[in-house]
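Written out below as structure tokens is the structure these notes cover.
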Amino acid sequence: MKIEEAQEMMRNIYWDRDRARGVNGTLHRTQEELAELSAAILERACTKAIEDEIADVFAWLCSLANLLDIDVSEAFHKKYTDACSKCKQSPCTCPDE
Ligand SMILES: [Zn+2]
């Protein structure tokens, strides 16, 4: 599935609920899902559990983007082309943070 197809699927399933919740409420849920993903990784949960959390974070990110009228695929490809967005190399040659 392409990014734009995933975002459209989330719009078809959740648009009414997302709109009713609003940007702030959806941002809060996205942050909660990221916290759940963090916990799963730190607790060394099984791969399936981490996969579920990755999917949840992406789903909520799509809902947030839908509410903000942002095309996730377009935004991603604008920022990330075939090289690092900072050093413009692939693989990245930026110094470690
Ligand atoms: Zn780089």
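Residues are referred to by chain and number: the chain letter is A, B, ... according to the order shown in the structure tokens, the number counts from 1 in that chain, and ligands are numbered separately from 1 in the order shown.
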
Contacts of ligand 1, 9 Å or closer, only C-alpha atoms and all ligand atoms, given as a PyMOL selection string: chain A and resi 83-95

Could you dump the residues just selected with N, CA and C atoms as a PDB file, in the first residue's frame?
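The file below, result.pdb, is the result:
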```pdb
ATOM      1  N   ALA A  83      18.233  11.321  -0.836  1.00  0.00           N
ATOM      2  CA  ALA A  83      19.402  11.561   0.003  1.00  0.00           C
ATOM      3  C   ALA A  83      18.978  12.199   1.315  1.00  0.00           C
ATOM      4  N   CYS A  84      19.918  12.274   2.243  1.00  0.00           N
ATOM      5  CA  CYS A  84      19.678  12.900   3.539  1.00  0.00           C
ATOM      6  C   CYS A  84      19.200  14.344   3.329  1.00  0.00           C
ATOM      7  N   SER A  85      18.193  14.760   4.116  1.00  0.00           N
ATOM      8  CA  SER A  85      17.662  16.107   3.939  1.00  0.00           C
ATOM      9  C   SER A  85      18.655  17.183   4.386  1.00  0.00           C
ATOM     10  N   LYS A  86      19.653  16.786   5.190  1.00  0.00           N
ATOM     11  CA  LYS A  86      20.631  17.781   5.662  1.00  0.00           C
ATOM     12  C   LYS A  86      21.902  17.783   4.813  1.00  0.00           C
ATOM     13  N   CYS A  87      22.604  16.640   4.764  1.00  0.00           N
ATOM     14  CA  CYS A  87      23.901  16.608   4.075  1.00  0.00           C
ATOM     15  C   CYS A  87      23.763  16.287   2.588  1.00  0.00           C
ATOM     16  N   LYS A  88      22.552  15.894   2.159  1.00  0.00           N
ATOM     17  CA  LYS A  88      22.273  15.584   0.743  1.00  0.00           C
ATOM     18  C   LYS A  88      23.061  14.372   0.238  1.00  0.00           C
ATOM     19  N   GLN A  89      23.514  13.510   1.167  1.00  0.00           N
ATOM     20  CA  GLN A  89      24.247  12.313   0.774  1.00  0.00           C
ATOM     21  C   GLN A  89      23.400  11.070   1.073  1.00  0.00           C
ATOM     22  N   SER A  90      23.720   9.986   0.360  1.00  0.00           N
ATOM     23  CA  SER A  90      23.098   8.704   0.639  1.00  0.00           C
ATOM     24  C   SER A  90      24.137   7.597   0.470  1.00  0.00           C
ATOM     25  N   PRO A  91      24.490   6.900   1.556  1.00  0.00           N
ATOM     26  CA  PRO A  91      23.960   7.078   2.909  1.00  0.00           C
ATOM     27  C   PRO A  91      24.418   8.396   3.536  1.00  0.00           C
ATOM     28  N   CYS A  92      23.664   8.802   4.565  1.00  0.00           N
ATOM     29  CA  CYS A  92      23.923  10.044   5.272  1.00  0.00           C
ATOM     30  C   CYS A  92      25.352  10.086   5.829  1.00  0.00           C
ATOM     31  N   THR A  93      25.950  11.260   5.715  1.00  0.00           N
ATOM     32  CA  THR A  93      27.304  11.444   6.261  1.00  0.00           C
ATOM     33  C   THR A  93      27.333  12.503   7.355  1.00  0.00           C
ATOM     34  N   CYS A  94      26.158  12.883   7.887  1.00  0.00           N
ATOM     35  CA  CYS A  94      26.091  13.861   8.965  1.00  0.00           C
ATOM     36  C   CYS A  94      26.845  13.296  10.181  1.00  0.00           C
ATOM     37  N   PRO A  95      27.483  14.168  10.961  1.00  0.00           N
ATOM     38  CA  PRO A  95      28.117  13.686  12.195  1.00  0.00           C
ATOM     39  C   PRO A  95      27.036  13.152  13.160  1.00  0.00           C
TER      40      PRO A  95
END
```

Write out as an MDAnalysis selection string all residues of chain A that backbone DSSP assigns to alpha helix (DSSP H). chainID A and resid 3:42 47:67 72:79

Closest to Glu36 in chain A among A:Asp56, A:Asp71, A:Tyr14, A:Lys2, using only C-alpha atoms?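 Among the listed residues, the smallest separation from Glu36 in chain A belongs to A:Asp56.
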
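Take CA of Glu5 in chain A and CA of Ser73 in chain A: the distance between them is 9.3 Å.
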
Find the spatial neighbours of Ala59 in chain A, counting only C-alpha atoms, within a cut-off of 9 Å - ignore same-chain residues fewer than 2 positions away - and output them as JSON, numbers by chain. {"A": [6, 7, 10, 30, 54, 55, 56, 57, 61, 62, 63, 64]}

Which residues are close to range 21-29 of chain A, i.e. within 8 Å by only C-alpha atoms, leaving aside same-chain residues fewer than 4 positions away? Reply as a ChimeraX atom specification. /A:17,33,60,63-64,67-68

For those residues, write all heavy atoms to a file as a PDB file, in the first residue's frame.
```
ATOM      1  N   ARG A  17     -15.113  11.023  12.883  1.00  0.00           N
ATOM      2  CA  ARG A  17     -14.661  10.982  14.282  1.00  0.00           C
ATOM      3  C   ARG A  17     -13.473  11.921  14.495  1.00  0.00           C
ATOM      4  O   ARG A  17     -13.391  12.610  15.525  1.00  0.00           O
ATOM      5  CB  ARG A  17     -14.283   9.554  14.675  1.00  0.00           C
ATOM      6  CG  ARG A  17     -15.477   8.612  14.680  1.00  0.00           C
ATOM      7  CD  ARG A  17     -15.021   7.182  14.833  1.00  0.00           C
ATOM      8  NE  ARG A  17     -14.421   6.940  16.118  1.00  0.00           N
ATOM      9  CZ  ARG A  17     -14.995   6.273  17.114  1.00  0.00           C
ATOM     10  NH1 ARG A  17     -16.204   5.766  16.939  1.00  0.00           N
ATOM     11  NH2 ARG A  17     -14.391   6.104  18.250  1.00  0.00           N
ATOM     12  N   GLU A  33      -0.119   7.465  21.562  1.00  0.00           N
ATOM     13  CA  GLU A  33       0.314   6.286  20.794  1.00  0.00           C
ATOM     14  C   GLU A  33       1.835   6.219  20.701  1.00  0.00           C
ATOM     15  O   GLU A  33       2.422   5.141  20.757  1.00  0.00           O
ATOM     16  CB  GLU A  33      -0.316   6.284  19.397  1.00  0.00           C
ATOM     17  CG  GLU A  33      -1.811   6.045  19.399  1.00  0.00           C
ATOM     18  CD  GLU A  33      -2.219   4.706  20.019  1.00  0.00           C
ATOM     19  OE1 GLU A  33      -1.398   3.767  20.019  1.00  0.00           O
ATOM     20  OE2 GLU A  33      -3.353   4.606  20.500  1.00  0.00           O
ATOM     21  N   TRP A  60      -2.575   7.349  13.447  1.00  0.00           N
ATOM     22  CA  TRP A  60      -2.929   8.627  14.080  1.00  0.00           C
ATOM     23  C   TRP A  60      -2.259   9.793  13.386  1.00  0.00           C
ATOM     24  O   TRP A  60      -2.821  10.888  13.285  1.00  0.00           O
ATOM     25  CB  TRP A  60      -2.596   8.587  15.572  1.00  0.00           C
ATOM     26  CG  TRP A  60      -3.662   7.859  16.333  1.00  0.00           C
ATOM     27  CD1 TRP A  60      -3.627   6.572  16.762  1.00  0.00           C
ATOM     28  CD2 TRP A  60      -4.940   8.380  16.735  1.00  0.00           C
ATOM     29  NE1 TRP A  60      -4.802   6.256  17.399  1.00  0.00           N
ATOM     30  CE2 TRP A  60      -5.619   7.355  17.393  1.00  0.00           C
ATOM     31  CE3 TRP A  60      -5.562   9.614  16.586  1.00  0.00           C
ATOM     32  CZ2 TRP A  60      -6.909   7.507  17.912  1.00  0.00           C
ATOM     33  CZ3 TRP A  60      -6.845   9.785  17.101  1.00  0.00           C
ATOM     34  CH2 TRP A  60      -7.497   8.736  17.755  1.00  0.00           C
ATOM     35  N   SER A  63      -4.414  10.599  10.517  1.00  0.00           N
ATOM     36  CA  SER A  63      -5.603  11.342  10.948  1.00  0.00           C
ATOM     37  C   SER A  63      -5.258  12.805  11.198  1.00  0.00           C
ATOM     38  O   SER A  63      -5.999  13.709  10.798  1.00  0.00           O
ATOM     39  CB  SER A  63      -6.186  10.734  12.235  1.00  0.00           C
ATOM     40  OG  SER A  63      -6.882   9.541  11.949  1.00  0.00           O
ATOM     41  N   LEU A  64      -4.132  13.027  11.848  1.00  0.00           N
ATOM     42  CA  LEU A  64      -3.701  14.392  12.138  1.00  0.00           C
ATOM     43  C   LEU A  64      -3.469  15.157  10.828  1.00  0.00           C
ATOM     44  O   LEU A  64      -3.927  16.295  10.664  1.00  0.00           O
ATOM     45  CB  LEU A  64      -2.419  14.330  12.973  1.00  0.00           C
ATOM     46  CG  LEU A  64      -1.975  15.565  13.711  1.00  0.00           C
ATOM     47  CD1 LEU A  64      -3.056  16.074  14.657  1.00  0.00           C
ATOM     48  CD2 LEU A  64      -0.707  15.255  14.504  1.00  0.00           C
ATOM     49  N   LEU A  67      -6.715  16.141   9.147  1.00  0.00           N
ATOM     50  CA  LEU A  67      -7.342  17.306   9.772  1.00  0.00           C
ATOM     51  C   LEU A  67      -6.634  18.603   9.395  1.00  0.00           C
ATOM     52  O   LEU A  67      -7.249  19.661   9.309  1.00  0.00           O
ATOM     53  CB  LEU A  67      -7.352  17.153  11.298  1.00  0.00           C
ATOM     54  CG  LEU A  67      -8.348  16.137  11.845  1.00  0.00           C
ATOM     55  CD1 LEU A  67      -8.084  15.895  13.317  1.00  0.00           C
ATOM     56  CD2 LEU A  67      -9.780  16.610  11.622  1.00  0.00           C
ATOM     57  N   LEU A  68      -5.311  18.512   9.191  1.00  0.00           N
ATOM     58  CA  LEU A  68      -4.518  19.698   8.857  1.00  0.00           C
ATOM     59  C   LEU A  68      -4.419  19.903   7.345  1.00  0.00           C
ATOM     60  O   LEU A  68      -3.724  20.820   6.889  1.00  0.00           O
ATOM     61  CB  LEU A  68      -3.116  19.566   9.473  1.00  0.00           C
ATOM     62  CG  LEU A  68      -3.089  19.566  11.004  1.00  0.00           C
ATOM     63  CD1 LEU A  68      -1.723  19.112  11.514  1.00  0.00           C
ATOM     64  CD2 LEU A  68      -3.428  20.939  11.551  1.00  0.00           C
TER      65      LEU A  68
END
```

CA of Ala75 in chain A and CA of Ala20 in chain A, how far apart in Å? 24.6 Å
